[in-house]
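Printed here is model-v7.cif (mmCIF, C-alpha atoms, pLDDT in the B column; chains and numbers go by the auth columns):
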data_data
#
loop_
_atom_site.group_PDB
_atom_site.id
_atom_site.type_symbol
_atom_site.label_atom_id
_atom_site.label_comp_id
_atom_site.label_asym_id
_atom_site.label_seq_id
_atom_site.Cartn_x
_atom_site.Cartn_y
_atom_site.Cartn_z
_atom_site.B_iso_or_equiv
_atom_site.auth_seq_id
_atom_site.auth_asym_id
ATOM 1 C CA ARG A 1 317.453 113.995 134.145 55.00 21 C
ATOM 2 C CA ALA A 2 318.417 111.938 137.139 62.00 22 C
ATOM 3 C CA VAL A 3 316.818 109.315 139.344 69.00 23 C
ATOM 4 C CA TRP A 4 317.952 109.617 142.937 70.00 24 C
ATOM 5 C CA VAL A 5 317.481 106.815 145.425 76.00 25 C
ATOM 6 C CA ALA A 6 316.517 107.535 149.020 79.00 26 C
ATOM 7 C CA LEU A 7 318.621 105.675 151.578 78.00 27 C
ATOM 8 C CA ASP A 8 317.702 104.269 154.938 81.00 28 C
ATOM 9 C CA LEU A 9 320.216 106.087 157.146 80.00 29 C
ATOM 10 C CA ARG A 10 320.593 103.171 159.567 82.00 30 C
ATOM 11 C CA ARG A 11 321.236 100.472 156.976 79.00 31 C
ATOM 12 C CA GLY A 12 322.556 102.427 153.976 72.00 32 C
ATOM 13 C CA THR A 13 320.134 100.553 151.701 76.00 33 C
ATOM 14 C CA PRO A 14 317.463 101.929 149.331 78.00 34 C
ATOM 15 C CA ALA A 15 314.273 103.049 151.085 83.00 35 C
ATOM 16 C CA ARG A 16 310.776 103.895 149.906 82.00 36 C
ATOM 17 C CA LEU A 17 309.791 107.552 149.834 81.00 37 C
ATOM 18 C CA ASP A 18 307.333 108.323 152.600 82.00 38 C
ATOM 19 C CA GLU A 19 304.139 110.396 152.645 86.00 39 C
ATOM 20 C CA ARG A 20 306.028 113.514 153.815 88.00 40 C
ATOM 21 C CA PHE A 21 308.139 113.456 150.649 84.00 41 C
ATOM 22 C CA LEU A 22 305.134 112.808 148.427 84.00 42 C
ATOM 23 C CA ALA A 23 303.159 115.629 150.068 89.00 43 C
ATOM 24 C CA VAL A 24 305.890 118.120 149.129 90.00 44 C
ATOM 25 C CA TYR A 25 307.050 116.820 145.733 86.00 45 C
ATOM 26 C CA GLY A 26 304.044 114.782 144.550 85.00 46 C
ATOM 27 C CA PRO A 27 302.128 117.711 142.999 90.00 47 C
ATOM 28 C CA SER A 28 305.148 118.666 140.860 89.00 48 C
ATOM 29 C CA ALA A 29 305.279 115.132 139.470 84.00 49 C
ATOM 30 C CA ALA A 30 301.643 115.443 138.323 86.00 50 C
ATOM 31 C CA GLY A 31 301.223 111.667 138.447 81.00 51 C
ATOM 32 C CA ARG A 32 304.367 110.940 136.398 81.00 52 C
ATOM 33 C CA ARG A 33 306.578 108.149 137.664 76.00 53 C
ATOM 34 C CA ALA A 34 310.240 107.544 136.911 73.00 54 C
ATOM 35 C CA THR A 35 311.191 104.250 135.358 70.00 55 C
ATOM 36 C CA LEU A 36 314.143 102.393 136.805 73.00 56 C
ATOM 37 C CA ARG A 37 314.531 99.951 133.929 82.00 57 C
ATOM 38 C CA LEU A 38 318.029 99.781 132.535 84.00 58 C
ATOM 39 C CA GLN A 39 318.264 100.865 128.904 87.00 59 C
ATOM 40 C CA LEU A 40 321.902 100.407 127.961 92.00 60 C
ATOM 41 C CA PRO A 41 323.232 97.148 126.522 90.00 61 C
ATOM 42 C CA PRO A 42 326.243 95.299 127.898 92.00 62 C
ATOM 43 C CA PRO A 43 329.392 95.118 125.782 93.00 63 C
ATOM 44 C CA GLU A 44 329.712 92.413 123.167 89.00 64 C
ATOM 45 C CA PRO A 45 331.979 89.531 124.238 84.00 65 C
ATOM 46 C CA GLY A 46 334.582 90.546 121.624 82.00 66 C
ATOM 47 C CA ASP A 47 334.694 94.119 122.983 82.00 67 C
ATOM 48 C CA ARG A 48 335.914 93.045 126.418 83.00 68 C
ATOM 49 C CA ALA A 49 339.447 92.425 125.204 83.00 69 C
ATOM 50 C CA GLY A 50 340.053 96.183 125.064 86.00 70 C
ATOM 51 C CA ALA A 51 339.329 96.763 128.774 93.00 71 C
ATOM 52 C CA ARG A 52 341.980 98.536 130.846 94.00 72 C
ATOM 53 C CA PRO A 53 342.301 98.943 134.623 95.00 73 C
ATOM 54 C CA TRP A 54 340.427 101.864 136.186 94.00 74 C
ATOM 55 C CA PRO A 55 341.492 103.073 139.662 91.00 75 C
ATOM 56 C CA LEU A 56 338.989 103.109 142.490 89.00 76 C
ATOM 57 C CA ARG A 57 340.193 105.480 145.209 89.00 77 C
ATOM 58 C CA ARG A 58 339.087 105.823 148.824 86.00 78 C
ATOM 59 C CA ALA A 59 337.801 109.332 148.008 88.00 79 C
ATOM 60 C CA ASP A 60 335.429 107.765 145.458 88.00 80 C
ATOM 61 C CA LEU A 61 333.412 106.059 148.213 87.00 81 C
ATOM 62 C CA ASP A 62 330.698 107.483 150.457 82.00 82 C
ATOM 63 C CA VAL A 63 330.255 106.666 154.154 80.00 83 C
ATOM 64 C CA TRP A 64 328.395 103.445 153.260 76.00 84 C
ATOM 65 C CA GLY A 65 331.156 102.272 150.922 82.00 85 C
ATOM 66 C CA HIS A 66 329.241 102.979 147.703 80.00 86 C
ATOM 67 C CA ALA A 67 331.057 104.601 144.789 84.00 87 C
ATOM 68 C CA ASN A 68 329.836 108.095 144.002 80.00 88 C
ATOM 69 C CA ASN A 69 328.733 109.260 140.553 85.00 89 C
ATOM 70 C CA ALA A 70 331.990 111.149 140.002 87.00 90 C
ATOM 71 C CA VAL A 71 333.765 107.808 139.439 88.00 91 C
ATOM 72 C CA ALA A 72 331.493 107.016 136.512 90.00 92 C
ATOM 73 C CA TRP A 73 331.642 110.507 135.003 91.00 93 C
ATOM 74 C CA GLU A 74 335.448 110.569 135.287 93.00 94 C
ATOM 75 C CA ALA A 75 335.615 107.344 133.281 93.00 95 C
ATOM 76 C CA VAL A 76 333.317 108.828 130.617 92.00 96 C
ATOM 77 C CA GLU A 77 335.380 112.042 130.494 91.00 97 C
ATOM 78 C CA GLU A 78 338.586 110.033 130.150 91.00 98 C
ATOM 79 C CA VAL A 79 337.232 108.388 127.015 90.00 99 C
ATOM 80 C CA LEU A 80 335.702 111.638 125.726 88.00 100 C
ATOM 81 C CA GLY A 81 339.119 113.278 125.951 84.00 101 C
ATOM 82 C CA GLU A 82 340.056 111.176 122.943 73.00 102 C
ATOM 83 C CA HIS A 83 337.216 112.714 120.839 72.00 103 C
ATOM 84 C CA PRO A 84 336.622 116.233 119.529 69.00 104 C
ATOM 85 C CA PRO A 85 334.415 118.431 121.752 70.00 105 C
ATOM 86 C CA THR A 86 330.805 118.851 120.647 78.00 106 C
ATOM 87 C CA PRO A 87 327.466 119.319 122.454 80.00 107 C
ATOM 88 C CA LEU A 88 326.587 115.933 123.895 85.00 108 C
ATOM 89 C CA ARG A 89 323.791 114.074 125.601 89.00 109 C
ATOM 90 C CA ALA A 90 324.698 111.281 128.027 90.00 110 C
ATOM 91 C CA LEU A 91 322.893 108.478 129.789 91.00 111 C
ATOM 92 C CA LEU A 92 324.534 106.829 132.810 91.00 112 C
ATOM 93 C CA GLU A 93 323.334 103.694 134.607 91.00 113 C
ATOM 94 C CA HIS A 94 324.548 101.666 137.575 88.00 114 C
ATOM 95 C CA PRO A 95 323.455 98.040 136.929 88.00 115 C
ATOM 96 C CA GLN A 96 325.547 96.760 139.871 87.00 116 C
ATOM 97 C CA ALA A 97 327.122 98.417 142.884 83.00 117 C
ATOM 98 C CA LEU A 98 330.740 99.496 142.601 86.00 118 C
ATOM 99 C CA LEU A 99 332.124 98.569 146.024 84.00 119 C
ATOM 100 C CA PRO A 100 335.356 98.896 148.022 86.00 120 C
ATOM 101 C CA GLY A 101 337.992 96.377 147.026 86.00 121 C
ATOM 102 C CA GLN A 102 336.794 96.034 143.451 89.00 122 C
ATOM 103 C CA ARG A 103 339.274 96.803 140.719 92.00 123 C
ATOM 104 C CA PRO A 104 337.071 97.874 137.802 95.00 124 C
ATOM 105 C CA ALA A 105 338.138 97.833 134.190 95.00 125 C
ATOM 106 C CA LEU A 106 337.289 100.640 131.751 96.00 126 C
ATOM 107 C CA LEU A 107 335.969 99.647 128.349 95.00 127 C
ATOM 108 C CA ALA A 108 334.778 101.877 125.507 94.00 128 C
ATOM 109 C CA ARG A 109 333.320 101.297 122.074 92.00 129 C
ATOM 110 C CA THR A 110 332.918 103.987 119.412 87.00 130 C
ATOM 111 C CA ARG A 111 329.970 103.576 117.069 86.00 131 C
ATOM 112 C CA ALA A 112 328.855 105.828 114.201 85.00 132 C
ATOM 113 C CA ASP A 113 326.114 107.426 116.315 86.00 133 C
ATOM 114 C CA ALA A 114 327.337 107.076 119.922 89.00 134 C
ATOM 115 C CA LEU A 115 330.113 106.263 122.325 91.00 135 C
ATOM 116 C CA ASP A 116 329.543 103.434 124.810 94.00 136 C
ATOM 117 C CA VAL A 117 331.535 103.320 128.054 95.00 137 C
ATOM 118 C CA TRP A 118 331.497 100.640 130.736 96.00 138 C
ATOM 119 C CA LEU A 119 333.151 99.950 134.058 96.00 139 C
ATOM 120 C CA LEU A 120 333.323 96.172 134.460 95.00 140 C
ATOM 121 C CA ASP A 121 334.145 93.799 137.271 93.00 141 C
ATOM 122 C CA PRO A 122 336.980 91.880 135.589 88.00 142 C
ATOM 123 C CA ALA A 123 336.533 88.882 137.887 88.00 143 C
ATOM 124 C CA SER A 124 332.851 88.280 137.076 89.00 144 C
ATOM 125 C CA GLY A 125 332.472 90.242 133.827 88.00 145 C
ATOM 126 C CA GLN A 126 329.461 92.071 135.287 92.00 146 C
ATOM 127 C CA VAL A 127 328.744 95.603 134.134 94.00 147 C
ATOM 128 C CA LEU A 128 329.030 97.934 137.126 93.00 148 C
ATOM 129 C CA VAL A 129 328.477 101.203 135.236 93.00 149 C
ATOM 130 C CA ALA A 130 327.201 101.755 131.709 95.00 150 C
ATOM 131 C CA ALA A 131 327.171 105.057 129.831 94.00 151 C
ATOM 132 C CA GLN A 132 326.196 106.131 126.375 94.00 152 C
ATOM 133 C CA VAL A 133 327.223 109.500 124.946 92.00 153 C
ATOM 134 C CA ALA A 134 325.854 110.865 121.679 90.00 154 C
ATOM 135 C CA PRO A 135 325.713 114.234 119.937 88.00 155 C
ATOM 136 C CA ALA A 136 322.880 116.396 121.229 84.00 156 C
ATOM 137 C CA ALA A 137 320.041 117.081 118.790 70.00 157 C
ATOM 138 C CA ALA A 138 320.302 120.484 117.122 37.00 158 C
ATOM 139 C CA GLN A 139 317.332 121.870 119.093 34.00 159 C
ATOM 140 C CA GLU A 140 318.742 120.578 122.380 50.00 160 C
ATOM 141 C CA ALA A 141 322.114 122.203 121.620 40.00 161 C
ATOM 142 C CA ARG A 142 320.414 125.591 121.229 38.00 162 C
ATOM 143 C CA ARG A 143 318.096 125.249 124.237 45.00 163 C
ATOM 144 C CA PRO A 144 319.194 127.471 127.151 47.00 164 C
ATOM 145 C CA THR A 145 320.161 125.643 130.339 46.00 165 C
#
Here is the file; what I need is its structure written in the form of structure tokens.
Amino acid sequence: RAVWVALDLRRGTPARLDERFLAVYGPSAAGRRATLRLQLPPPEPGDRAGARPWPLRRADLDVWGHANNAVAWEAVEEVLGEHPPTPLRALLEHPQALLPGQRPALLARTRADALDVWLLDPASGQVLVAAQVAPAAAQEARRPT
């Protein structure tokens, strides 16, 4: 599942979906609405000591200077490389914008039931990206994609 945000092409800021969009895609939604509430917790203060620098490259930015999703997924995959492969389910959130000039720090925490990954702004401590990866349920692992 993904929530995409429409952008105003002149300003590069989020824009409301107009009636043309709703006329085409509204019936498929059948009245359902996506929630934009963040679900993932920030790291505990004691976890932050394990943060390491994460490179932000020019190629990671779109024409408006926003970091693309590949930056976040690359950070998650970097941490996952340290764990055995298994079917997984992941949730990724962007609590704050990751912008040009920032030098994010990568932080991960392994729990019994999940792996938490964050990209942090080391200067402010704000969470820029949060991800949680957990084993997929047995039925989800067998479901065709």
Quiz prompt | Shell of 12 Å around range 34-49 of chain C, all atoms listed in the file, local chain residues under 5 positions omitted, as a list in words | solution =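 Once the nearby chain positions are removed, what remains is Trp24, Val25, Ala26, Leu27, Asp28, Leu29, Ala54, Trp84 and His86 of chain C.
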Quiz item: Which of these, C:Gln146, C:Gln152, C:Asn89, C:Thr130, has the shortest distance to Gln116 in chain C once you count only C-alpha atoms?
Solution: C:Gln146
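Here CA of Arg129 in chain C and CA of Ser144 in chain C stand 19.9 Å from one another.
Comparing the minimum interatomic distances between Arg68 in chain C and each of C:Pro142, C:Pro115, C:Pro124, C:Pro155, counting only C-alpha atoms, we find that C:Pro142 sits nearest.
Using all atoms listed in the file, the shortest contact distance between Ala134 in chain C and any of C:Ala110, C:Ala95, C:Ala150, C:Leu76 is found at C:Ala110.
Evaluated against the shown file, the PyMOL selection byres ((chain C and resi 123) around 8) gives Pro73, Trp74, Pro75, Leu76, Gly121, Gln122, Pro124, Ala125, Asp141 and Pro142 of chain C.
For the atom pair formed by CA of Pro120 in chain C and CA of Gly145 in chain C, the distance is 16.9 Å, given to one decimal.
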